[in-house]
Each structure stands twice: as structure tokens, then as C-alpha cells.
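Participant: My structure is in coords_2.pdb, and what it holds is PDB, C-alpha atoms, pLDDT in the B column:
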```
ATOM      1  CA  MET A 189     135.770  90.579  62.941  1.00 52.00           C
ATOM      2  CA  HIS A 190     133.876  89.298  65.985  1.00 54.00           C
ATOM      3  CA  GLY A 191     131.103  91.751  65.182  1.00 57.00           C
ATOM      4  CA  TYR A 192     130.189  89.631  62.157  1.00 56.00           C
ATOM      5  CA  ALA A 193     130.052  86.376  64.104  1.00 62.00           C
ATOM      6  CA  ASN A 194     126.287  86.764  64.043  1.00 73.00           C
ATOM      7  CA  PRO A 195     125.073  85.405  60.658  1.00 80.00           C
ATOM      8  CA  ALA A 196     122.266  87.984  60.459  1.00 82.00           C
ATOM      9  CA  ARG A 197     124.727  90.834  60.964  1.00 88.00           C
ATOM     10  CA  PHE A 198     127.091  89.320  58.412  1.00 89.00           C
ATOM     11  CA  LEU A 199     124.316  88.943  55.843  1.00 91.00           C
ATOM     12  CA  LYS A 200     123.301  92.562  56.349  1.00 92.00           C
ATOM     13  CA  PHE A 201     126.782  93.514  55.153  1.00 92.00           C
ATOM     14  CA  ALA A 202     127.251  90.729  52.590  1.00 93.00           C
ATOM     15  CA  ARG A 203     124.069  91.265  50.549  1.00 94.00           C
ATOM     16  CA  PRO A 204     124.863  94.799  49.323  1.00 96.00           C
ATOM     17  CA  ALA A 205     128.636  94.218  49.315  1.00 97.00           C
ATOM     18  CA  THR A 206     128.293  91.322  46.866  1.00 97.00           C
ATOM     19  CA  GLY A 207     126.695  93.550  44.248  1.00 97.00           C
ATOM     20  CA  TRP A 208     129.124  96.413  44.801  1.00 97.00           C
ATOM     21  CA  PHE A 209     132.152  94.117  44.529  1.00 98.00           C
ATOM     22  CA  LEU A 210     130.770  92.443  41.415  1.00 97.00           C
ATOM     23  CA  TRP A 211     129.873  95.543  39.425  1.00 98.00           C
ATOM     24  CA  ILE A 212     132.880  97.655  40.422  1.00 98.00           C
ATOM     25  CA  GLY A 213     135.126  94.700  39.617  1.00 98.00           C
ATOM     26  CA  LEU A 214     133.596  94.331  36.158  1.00 98.00           C
ATOM     27  CA  LEU A 215     133.858  98.088  35.524  1.00 98.00           C
ATOM     28  CA  LEU A 216     137.568  97.983  36.336  1.00 98.00           C
ATOM     29  CA  LEU A 217     138.229  94.800  34.386  1.00 97.00           C
ATOM     30  CA  ALA A 218     136.704  96.079  31.150  1.00 97.00           C
ATOM     31  CA  PRO A 219     139.253  98.901  30.535  1.00 97.00           C
ATOM     32  CA  GLY A 220     142.054  96.863  32.109  1.00 97.00           C
ATOM     33  CA  ILE A 221     141.665  93.847  29.837  1.00 96.00           C
ATOM     34  CA  LEU A 222     140.802  95.843  26.715  1.00 96.00           C
ATOM     35  CA  GLY A 223     143.705  98.196  27.326  1.00 96.00           C
ATOM     36  CA  GLY A 224     146.099  95.339  27.950  1.00 94.00           C
ATOM     37  CA  LEU A 225     145.015  93.415  24.865  1.00 92.00           C
ATOM     38  CA  PHE A 226     144.569  96.213  22.313  1.00 93.00           C
ATOM     39  CA  VAL A 227     146.034  99.521  23.533  1.00 94.00           C
ATOM     40  CA  THR A 228     149.404  98.830  25.149  1.00 93.00           C
ATOM     41  CA  PRO A 229     152.352  98.336  22.782  1.00 92.00           C
ATOM     42  CA  PRO A 230     154.178  95.004  22.394  1.00 90.00           C
ATOM     43  CA  ASP A 231     157.182  94.465  24.642  1.00 83.00           C
ATOM     44  CA  TYR A 232     160.518  95.020  22.939  1.00 79.00           C
ATOM     45  CA  LEU A 233     161.718  91.548  23.987  1.00 79.00           C
ATOM     46  CA  GLN A 234     158.600  89.404  24.479  1.00 85.00           C
ATOM     47  CA  GLY A 235     156.417  90.967  21.813  1.00 84.00           C
ATOM     48  CA  GLU A 236     152.691  90.248  22.005  1.00 90.00           C
ATOM     49  CA  THR A 237     153.071  87.452  24.587  1.00 90.00           C
ATOM     50  CA  VAL A 238     153.582  90.056  27.303  1.00 90.00           C
ATOM     51  CA  ARG A 239     149.801  90.632  27.255  1.00 93.00           C
ATOM     52  CA  ILE A 240     149.354  87.461  29.346  1.00 94.00           C
ATOM     53  CA  LEU A 241     150.724  89.621  32.167  1.00 93.00           C
ATOM     54  CA  TYR A 242     147.333  91.216  32.807  1.00 96.00           C
ATOM     55  CA  ILE A 243     145.745  87.842  33.600  1.00 96.00           C
ATOM     56  CA  HIS A 244     148.728  85.918  34.968  1.00 95.00           C
ATOM     57  CA  VAL A 245     149.793  88.384  37.665  1.00 94.00           C
ATOM     58  CA  PRO A 246     146.303  88.859  39.190  1.00 96.00           C
ATOM     59  CA  ALA A 247     145.779  85.086  39.075  1.00 97.00           C
ATOM     60  CA  ALA A 248     149.065  84.472  40.909  1.00 95.00           C
ATOM     61  CA  TRP A 249     148.239  87.131  43.493  1.00 95.00           C
ATOM     62  CA  LEU A 250     144.744  85.767  44.140  1.00 98.00           C
ATOM     63  CA  GLY A 251     145.935  82.170  44.213  1.00 97.00           C
ATOM     64  CA  MET A 252     148.248  83.101  47.097  1.00 97.00           C
ATOM     65  CA  ALA A 253     145.826  85.573  48.720  1.00 97.00           C
ATOM     66  CA  GLY A 254     143.128  82.910  48.715  1.00 98.00           C
ATOM     67  CA  TRP A 255     145.235  80.575  50.835  1.00 98.00           C
ATOM     68  CA  ALA A 256     146.142  83.482  53.130  1.00 98.00           C
ATOM     69  CA  GLY A 257     142.381  83.941  53.596  1.00 97.00           C
ATOM     70  CA  ILE A 258     141.984  80.246  54.398  1.00 97.00           C
ATOM     71  CA  ALA A 259     144.808  80.489  56.946  1.00 97.00           C
ATOM     72  CA  ALA A 260     143.169  83.533  58.575  1.00 96.00           C
ATOM     73  CA  ALA A 261     139.808  81.748  58.729  1.00 95.00           C
ATOM     74  CA  SER A 262     141.506  78.642  60.136  1.00 96.00           C
ATOM     75  CA  LEU A 263     143.215  80.689  62.843  1.00 95.00           C
ATOM     76  CA  ALA A 264     139.908  82.326  63.750  1.00 92.00           C
ATOM     77  CA  GLN A 265     138.275  78.917  64.010  1.00 92.00           C
ATOM     78  CA  ILE A 266     140.971  77.322  66.155  1.00 93.00           C
ATOM     79  CA  VAL A 267     141.716  80.267  68.460  1.00 91.00           C
ATOM     80  CA  TRP A 268     138.422  82.180  68.691  1.00 87.00           C
ATOM     81  CA  ARG A 269     135.984  79.516  67.444  1.00 85.00           C
ATOM     82  CA  HIS A 270     134.445  82.079  65.112  1.00 83.00           C
ATOM     83  CA  PRO A 271     131.144  80.553  63.905  1.00 81.00           C
ATOM     84  CA  LEU A 272     131.556  81.710  60.288  1.00 91.00           C
ATOM     85  CA  SER A 273     135.235  80.805  59.903  1.00 93.00           C
ATOM     86  CA  ALA A 274     134.706  77.275  58.551  1.00 93.00           C
ATOM     87  CA  ILE A 275     132.121  78.606  56.088  1.00 94.00           C
ATOM     88  CA  ALA A 276     134.560  81.321  54.989  1.00 95.00           C
ATOM     89  CA  GLY A 277     137.339  78.785  54.432  1.00 96.00           C
ATOM     90  CA  ARG A 278     135.090  76.543  52.340  1.00 96.00           C
ATOM     91  CA  ALA A 279     133.920  79.563  50.331  1.00 96.00           C
ATOM     92  CA  VAL A 280     137.436  80.834  49.605  1.00 97.00           C
ATOM     93  CA  ALA A 281     138.961  77.505  48.591  1.00 98.00           C
ATOM     94  CA  PRO A 282     137.270  76.921  45.182  1.00 97.00           C
ATOM     95  CA  ALA A 283     137.890  80.517  44.097  1.00 97.00           C
ATOM     96  CA  GLY A 284     141.520  80.332  45.184  1.00 98.00           C
ATOM     97  CA  ALA A 285     141.995  76.989  43.436  1.00 98.00           C
ATOM     98  CA  THR A 286     140.521  78.425  40.235  1.00 98.00           C
ATOM     99  CA  PHE A 287     142.940  81.352  40.195  1.00 98.00           C
ATOM    100  CA  ALA A 288     145.863  79.080  41.062  1.00 98.00           C
ATOM    101  CA  ALA A 289     144.928  76.926  38.056  1.00 98.00           C
ATOM    102  CA  ILE A 290     144.658  80.029  35.828  1.00 98.00           C
ATOM    103  CA  CYS A 291     148.083  81.116  37.068  1.00 96.00           C
ATOM    104  CA  LEU A 292     149.612  77.767  36.143  1.00 96.00           C
ATOM    105  CA  ALA A 293     147.893  77.655  32.748  1.00 96.00           C
ATOM    106  CA  THR A 294     148.804  81.224  31.736  1.00 95.00           C
ATOM    107  CA  GLY A 295     152.319  80.758  33.061  1.00 92.00           C
ATOM    108  CA  SER A 296     152.724  77.673  30.910  1.00 93.00           C
ATOM    109  CA  ILE A 297     151.430  79.530  27.834  1.00 92.00           C
ATOM    110  CA  TRP A 298     153.756  82.440  28.592  1.00 89.00           C
ATOM    111  CA  GLY A 299     156.708  80.141  29.181  1.00 85.00           C
ATOM    112  CA  ARG A 300     156.470  78.331  25.843  1.00 87.00           C
ATOM    113  CA  PRO A 301     157.702  81.224  23.643  1.00 86.00           C
ATOM    114  CA  THR A 302     159.821  82.772  26.414  1.00 80.00           C
ATOM    115  CA  TRP A 303     161.643  79.718  27.766  1.00 81.00           C
ATOM    116  CA  GLY A 304     161.089  77.303  24.892  1.00 84.00           C
ATOM    117  CA  THR A 305     159.150  74.837  27.076  1.00 86.00           C
ATOM    118  CA  TRP A 306     155.636  74.485  28.474  1.00 85.00           C
ATOM    119  CA  TRP A 307     156.872  73.473  31.917  1.00 86.00           C
ATOM    120  CA  GLU A 308     160.025  73.613  33.990  1.00 86.00           C
ATOM    121  CA  TRP A 309     160.440  72.202  37.499  1.00 86.00           C
ATOM    122  CA  ASP A 310     161.833  75.399  38.956  1.00 85.00           C
ATOM    123  CA  GLY A 311     161.083  76.777  42.419  1.00 85.00           C
ATOM    124  CA  ARG A 312     158.276  79.193  41.569  1.00 89.00           C
ATOM    125  CA  LEU A 313     156.346  76.886  39.234  1.00 91.00           C
ATOM    126  CA  THR A 314     156.697  73.823  41.453  1.00 93.00           C
ATOM    127  CA  SER A 315     155.651  75.624  44.643  1.00 94.00           C
ATOM    128  CA  MET A 316     152.635  77.106  42.826  1.00 96.00           C
ATOM    129  CA  LEU A 317     151.645  73.635  41.613  1.00 97.00           C
ATOM    130  CA  ILE A 318     151.912  72.399  45.214  1.00 97.00           C
ATOM    131  CA  LEU A 319     149.591  75.239  46.245  1.00 98.00           C
ATOM    132  CA  PHE A 320     147.014  74.068  43.705  1.00 98.00           C
ATOM    133  CA  PHE A 321     147.154  70.516  45.096  1.00 98.00           C
ATOM    134  CA  LEU A 322     146.861  71.924  48.631  1.00 98.00           C
ATOM    135  CA  TYR A 323     143.642  73.637  47.554  1.00 98.00           C
ATOM    136  CA  LEU A 324     142.258  70.362  46.239  1.00 98.00           C
ATOM    137  CA  GLY A 325     143.190  68.612  49.486  1.00 97.00           C
ATOM    138  CA  TYR A 326     141.591  71.325  51.599  1.00 97.00           C
ATOM    139  CA  ILE A 327     138.375  71.267  49.562  1.00 97.00           C
ATOM    140  CA  ALA A 328     138.096  67.485  49.886  1.00 97.00           C
ATOM    141  CA  LEU A 329     138.873  67.492  53.623  1.00 96.00           C
ATOM    142  CA  ALA A 330     136.589  70.413  54.471  1.00 95.00           C
ATOM    143  CA  TRP A 331     133.580  68.979  52.670  1.00 91.00           C
ATOM    144  CA  ALA A 332     134.204  65.473  54.039  1.00 93.00           C
ATOM    145  CA  GLU A 333     134.193  66.884  57.579  1.00 92.00           C
ATOM    146  CA  ARG A 334     131.025  68.847  56.857  1.00 86.00           C
ATOM    147  CA  GLU A 335     129.225  65.774  55.495  1.00 85.00           C
ATOM    148  CA  ARG A 336     130.169  63.829  58.634  1.00 87.00           C
ATOM    149  CA  GLY A 337     128.945  66.612  60.891  1.00 81.00           C
ATOM    150  CA  GLY A 338     132.419  67.588  62.100  1.00 80.00           C
ATOM    151  CA  ASP A 339     133.419  71.042  63.299  1.00 80.00           C
ATOM    152  CA  GLY A 340     136.052  71.520  60.586  1.00 85.00           C
ATOM    153  CA  ARG A 341     139.062  71.628  62.916  1.00 92.00           C
ATOM    154  CA  MET A 342     141.061  69.160  60.820  1.00 94.00           C
ATOM    155  CA  ALA A 343     140.571  71.316  57.738  1.00 95.00           C
ATOM    156  CA  ALA A 344     141.537  74.381  59.786  1.00 96.00           C
ATOM    157  CA  LEU A 345     144.787  72.734  60.887  1.00 97.00           C
ATOM    158  CA  PHE A 346     145.456  71.783  57.269  1.00 97.00           C
ATOM    159  CA  GLY A 347     144.847  75.401  56.253  1.00 97.00           C
ATOM    160  CA  LEU A 348     147.387  76.689  58.770  1.00 97.00           C
ATOM    161  CA  VAL A 349     150.049  74.117  57.879  1.00 97.00           C
ATOM    162  CA  GLY A 350     149.581  74.764  54.165  1.00 97.00           C
ATOM    163  CA  ALA A 351     150.355  78.452  54.701  1.00 97.00           C
ATOM    164  CA  ILE A 352     154.026  77.458  55.025  1.00 97.00           C
ATOM    165  CA  ASN A 353     154.049  77.232  51.229  1.00 96.00           C
ATOM    166  CA  LEU A 354     153.222  80.936  50.754  1.00 96.00           C
ATOM    167  CA  PRO A 355     156.651  82.359  51.696  1.00 95.00           C
ATOM    168  CA  ILE A 356     158.265  79.558  49.683  1.00 94.00           C
ATOM    169  CA  ILE A 357     156.363  80.741  46.587  1.00 92.00           C
ATOM    170  CA  HIS A 358     157.228  84.377  47.254  1.00 88.00           C
ATOM    171  CA  TYR A 359     160.935  83.912  47.908  1.00 87.00           C
ATOM    172  CA  SER A 360     161.566  80.998  45.531  1.00 83.00           C
ATOM    173  CA  VAL A 361     163.066  83.261  42.839  1.00 74.00           C
ATOM    174  CA  MET A 362     165.650  84.449  45.397  1.00 76.00           C
ATOM    175  CA  TRP A 363     166.379  81.145  47.123  1.00 72.00           C
ATOM    176  CA  TRP A 364     166.991  79.038  43.993  1.00 69.00           C
ATOM    177  CA  ARG A 365     168.354  79.483  40.508  1.00 67.00           C
ATOM    178  CA  THR A 366     165.215  79.713  38.419  1.00 66.00           C
ATOM    179  CA  LEU A 367     163.935  80.485  34.949  1.00 64.00           C
ATOM    180  CA  HIS A 368     161.119  82.544  36.426  1.00 65.00           C
ATOM    181  CA  GLN A 369     161.888  86.247  36.491  1.00 66.00           C
ATOM    182  CA  GLY A 370     162.298  88.066  39.780  1.00 61.00           C
ATOM    183  CA  GLN A 371     159.857  90.470  41.358  1.00 66.00           C
ATOM    184  CA  SER A 372     158.922  93.201  38.882  1.00 63.00           C
ATOM    185  CA  ILE A 373     156.899  95.383  41.269  1.00 63.00           C
ATOM    186  CA  SER A 374     157.675  96.150  44.909  1.00 57.00           C
ATOM    187  CA  ILE A 375     156.714  98.776  47.458  1.00 52.00           C
ATOM    188  CA  THR A 376     160.302  99.899  48.033  1.00 52.00           C
ATOM    189  CA  GLY A 377     161.838  99.289  44.631  1.00 52.00           C
ATOM    190  CA  GLY A 378     159.020 100.548  42.425  1.00 59.00           C
ATOM    191  CA  SER A 379     158.373  98.864  39.100  1.00 64.00           C
ATOM    192  CA  SER A 380     160.678  97.541  36.401  1.00 65.00           C
ATOM    193  CA  ILE A 381     157.760  97.435  33.928  1.00 77.00           C
ATOM    194  CA  ALA A 382     157.558 100.310  31.441  1.00 77.00           C
ATOM    195  CA  PRO A 383     154.719 102.767  32.310  1.00 84.00           C
ATOM    196  CA  GLU A 384     153.049 102.306  28.916  1.00 89.00           C
ATOM    197  CA  LEU A 385     152.719  98.584  29.708  1.00 87.00           C
ATOM    198  CA  LEU A 386     151.981  98.933  33.407  1.00 89.00           C
ATOM    199  CA  TRP A 387     148.791 101.040  33.564  1.00 92.00           C
ATOM    200  CA  PRO A 388     146.209  98.263  32.839  1.00 95.00           C
ATOM    201  CA  LEU A 389     147.697  95.977  35.501  1.00 95.00           C
ATOM    202  CA  PRO A 390     146.326  97.807  38.590  1.00 95.00           C
ATOM    203  CA  LEU A 391     142.886  97.774  36.954  1.00 97.00           C
ATOM    204  CA  THR A 392     142.938  93.998  36.429  1.00 97.00           C
ATOM    205  CA  LEU A 393     144.493  93.383  39.869  1.00 97.00           C
ATOM    206  CA  VAL A 394     141.784  95.314  41.694  1.00 97.00           C
ATOM    207  CA  GLY A 395     139.038  94.147  39.330  1.00 98.00           C
ATOM    208  CA  PHE A 396     139.799  90.440  39.724  1.00 98.00           C
ATOM    209  CA  SER A 397     140.239  90.924  43.491  1.00 98.00           C
ATOM    210  CA  LEU A 398     136.765  92.444  43.768  1.00 98.00           C
ATOM    211  CA  LEU A 399     135.295  89.607  41.686  1.00 98.00           C
ATOM    212  CA  PHE A 400     137.060  87.168  43.984  1.00 98.00           C
ATOM    213  CA  GLY A 401     135.456  88.866  46.977  1.00 98.00           C
ATOM    214  CA  ALA A 402     132.030  88.811  45.334  1.00 98.00           C
ATOM    215  CA  VAL A 403     132.284  85.075  44.626  1.00 97.00           C
ATOM    216  CA  VAL A 404     133.351  84.339  48.211  1.00 97.00           C
ATOM    217  CA  LEU A 405     130.453  86.357  49.628  1.00 97.00           C
ATOM    218  CA  MET A 406     128.022  84.605  47.253  1.00 97.00           C
ATOM    219  CA  ARG A 407     129.239  81.189  48.373  1.00 96.00           C
ATOM    220  CA  MET A 408     129.058  82.117  52.057  1.00 95.00           C
ATOM    221  CA  ARG A 409     125.512  83.449  51.627  1.00 95.00           C
ATOM    222  CA  ALA A 410     124.497  80.295  49.754  1.00 94.00           C
ATOM    223  CA  GLU A 411     125.872  78.025  52.476  1.00 92.00           C
ATOM    224  CA  LEU A 412     124.180  80.030  55.227  1.00 92.00           C
ATOM    225  CA  ALA A 413     120.894  79.848  53.296  1.00 91.00           C
ATOM    226  CA  ALA A 414     121.280  76.084  52.882  1.00 86.00           C
ATOM    227  CA  ALA A 415     122.004  75.652  56.603  1.00 80.00           C
ATOM    228  CA  LYS A 416     118.926  77.736  57.476  1.00 80.00           C
ATOM    229  CA  PHE A 417     116.789  75.653  55.111  1.00 67.00           C
ATOM    230  CA  GLU A 418     118.079  72.376  56.601  1.00 71.00           C
ATOM    231  CA  ALA A 419     117.388  73.615  60.119  1.00 65.00           C
ATOM    232  CA  ARG A 420     113.840  74.554  59.087  1.00 71.00           C
ATOM    233  CA  LEU A 421     113.304  71.085  57.594  1.00 61.00           C
ATOM    234  CA  ARG A 422     114.489  69.434  60.796  1.00 65.00           C
ATOM    235  CA  ARG A 423     112.117  71.540  62.884  1.00 68.00           C
ATOM    236  CA  THR A 424     109.251  70.717  60.529  1.00 70.00           C
ATOM    237  CA  SER A 425     109.959  66.974  60.685  1.00 63.00           C
ATOM    238  CA  THR A 426     109.885  66.924  64.493  1.00 63.00           C
ATOM    239  CA  GLU A 427     106.586  68.808  64.799  1.00 58.00           C
TER     240      GLU A 427
END
```
Go through the file and emit its structure as C-alpha cells.
Facilitator:
Amino acid sequence: MHGYANPARFLKFARPATGWFLWIGLLLLAPGILGGLFVTPPDYLQGETVRILYIHVPAAWLGMAGWAGIAAASLAQIVWRHPLSAIAGRAVAPAGATFAAICLATGSIWGRPTWGTWWEWDGRLTSMLILFFLYLGYIALAWAERERGGDGRMAALFGLVGAINLPIIHYSVMWWRTLHQGQSISITGGSSIAPELLWPLPLTLVGFSLLFGAVVLMRMRAELAAAKFEARLRRTSTE
């Protein structure tokens, strides 16, 4: 990680990686989404509504993974003062917030025919909504600090404290009585989803994850370019 503290070294990796992540992600998403929408059979209980699975699950995963990335960047900033950590946190936050919002929206659409209601204040839904608001708070705080010329330490502390919500989201279906179903896929327990329904899900999970990575790298590159341009303007104005 410390090897990429140098912006030039980071950009040498980020420029080609952005394109690879983007195009491989799109290549995986195309068969995943088309297969999930048109090839897999309807579920014997949920019917056609089960197809939301292929968007909802990756969105939930990336909504949580995004905040884990913010927490890692925040730790790197506070402990090691990594020069790119604040930029990484600001780049991850909008993408993570977007997927958290998609998770909430698709979950609400899925819940209407399944539970008979658009929204229920159960543990999983409420903790995910809190995560979305945490994203909005982090984005506002991080950019306010940047505009004031701060080092981003307040946003980093906020990122670490907000990570407390991640295990709450994960274990909420076990800690409280909830309408939300339990974990369908685990490393030790395998999958409770039928194989004929399951196969597009890894494609959309990896595809959306690669797109997420591409967007984060694009945003980091854009912010580094803007900082370089501002520094050049300052040098020009003092000459």
C-alpha cells in the first residue's frame, strides 16, 4: 500500500487498471443481467420478482464494501498519514452511496409483493438506511474540510466510527426478529439458492464490483489532476 503513496506511481497503475476494470466489468454484467432477466426460470414462491436478486445483492454488497473501503482509507490516514487516503475516501463515498441507494430502492420494490409493504422498520432495512445517511454525512464533511484546506482527519474519524454499523447490518437478521430473509450464501454453509437461479449472480457481483473499482479510480485520477492543475496555477500566479 505504501508503495502507491507516490501519486505518479499510483497513476501508473490506475490509468490502465481503470480501463481493464471497466471493460471486464461490462463483459461480465452483460451475460449476468441478461441471464438473470430472460434465461433463469421464475422462483416457485416469488415468481418473476426474484429477478431483482441480481441487482439487489450486488448493490447491498457494494454499499457495505464501500464503507469498509472508507474505513480502511481513514485508518491509513490517521495511523500512517498516507497521502492518497483522503482522496481515496472521497472517491469511494459517492459510489458507495449510490449502491446503498440502489439497495434500498430494489429492496423496497422486492418487498412490496413479498411482504405486502414498501417499507418495514426491521433491523436490516433500518441499518442499511442509516448507512446511506452516513454516506451523505461523510461526503458533506469530507468536502467541507477540503474546501477549508483541512487535512481530512475529521472525516477520517467519522469514517472509522461509521464502520460500527457494518456488523450491525450483517448480523441484524440474527440479532432481531425480522422480515428480511437470512443469509442465503455463505462460505461454510454453501447456498440455499437453486443452481438454475444462482449462476448469473456471481457474474453481476464481480461485474458491478469491477465497475465500482473503475469509478473509484476515475474519481481519484480526476482529483489528482485537479490538484496538479491548481498547483500549476498557483505557481504561475506567483511568477
Participant: Running the PyMOL selection byres ((chain A and resi 216) around 9) on this model by hand, what would come out? Give it as number ranges by chain.
Facilitator: A: 211-215, 217-221, 391-392, 394-396
Participant: Mind checking which residues fall within 10 Å of Ala289 (chain A), counting all atoms listed in the file, ignoring those fewer than 3 positions away in the same chain, and posting them as a VMD selection string?
Facilitator: chain A and resid 247 to 248 251 283 to 286 292 to 295 316 to 317 319 to 321
Participant: If you count only C-alpha atoms, which residues fall within 8 Å of Ile327 (chain A), apart from same-chain ones fewer than 3 positions away, as a count of residues only?
Facilitator: 7
Participant: Care to translate the PyMOL selection byres ((chain A and resi 345) around 10) into actual residues of this file, as a PyMOL selection string?
Facilitator: chain A and resi 259+262-263+265-266+326+340-344+346-350
Participant: Using all atoms listed in the file, determine which residues lie at most 7 Å from region 408-413 of chain A, disregarding the query and same-chain residues fewer than 6 positions distant; provide the list as a list in words.
Facilitator: Ile275, Ala276 and Ala279 of chain A
Participant: I'd like the interatomic distance between CA of Ala328 (chain A) and CA of Gly257 (chain A), to a tenth of an Å.
Facilitator: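 Going from CA of Ala328 (chain A) over to CA of Gly257 (chain A) covers 17.4 Å.
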Participant: Up to 8 Å from (142.1, 84.6, 47.2) in the file's coordinates: name the residues, counting all atoms listed in the file, as a list in words.
Facilitator: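 I get Trp249, Leu250, Gly251, Met252, Ala253, Gly254, Trp255, Ala256, Gly257, Val280, Ala281, Ala283, Gly284, Phe287, Ser397, Phe400 and Gly401 of chain A for the residues within 8 Å of that point.
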Participant: Could you write out as a PyMOL selection string the residues that the PyMOL selection byres ((chain A and resi 229) around 12) matches in the shown file?
Facilitator: chain A and resi 223-228+230-239+382-388
Participant: Taking all atoms listed in the file into account, name the residue in A:Met406, A:Cys291, A:Leu399, A:Ile381 that is nearest to His244 (chain A).
Facilitator: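 Among the listed residues, the smallest separation from His244 (chain A) belongs to A:Cys291.
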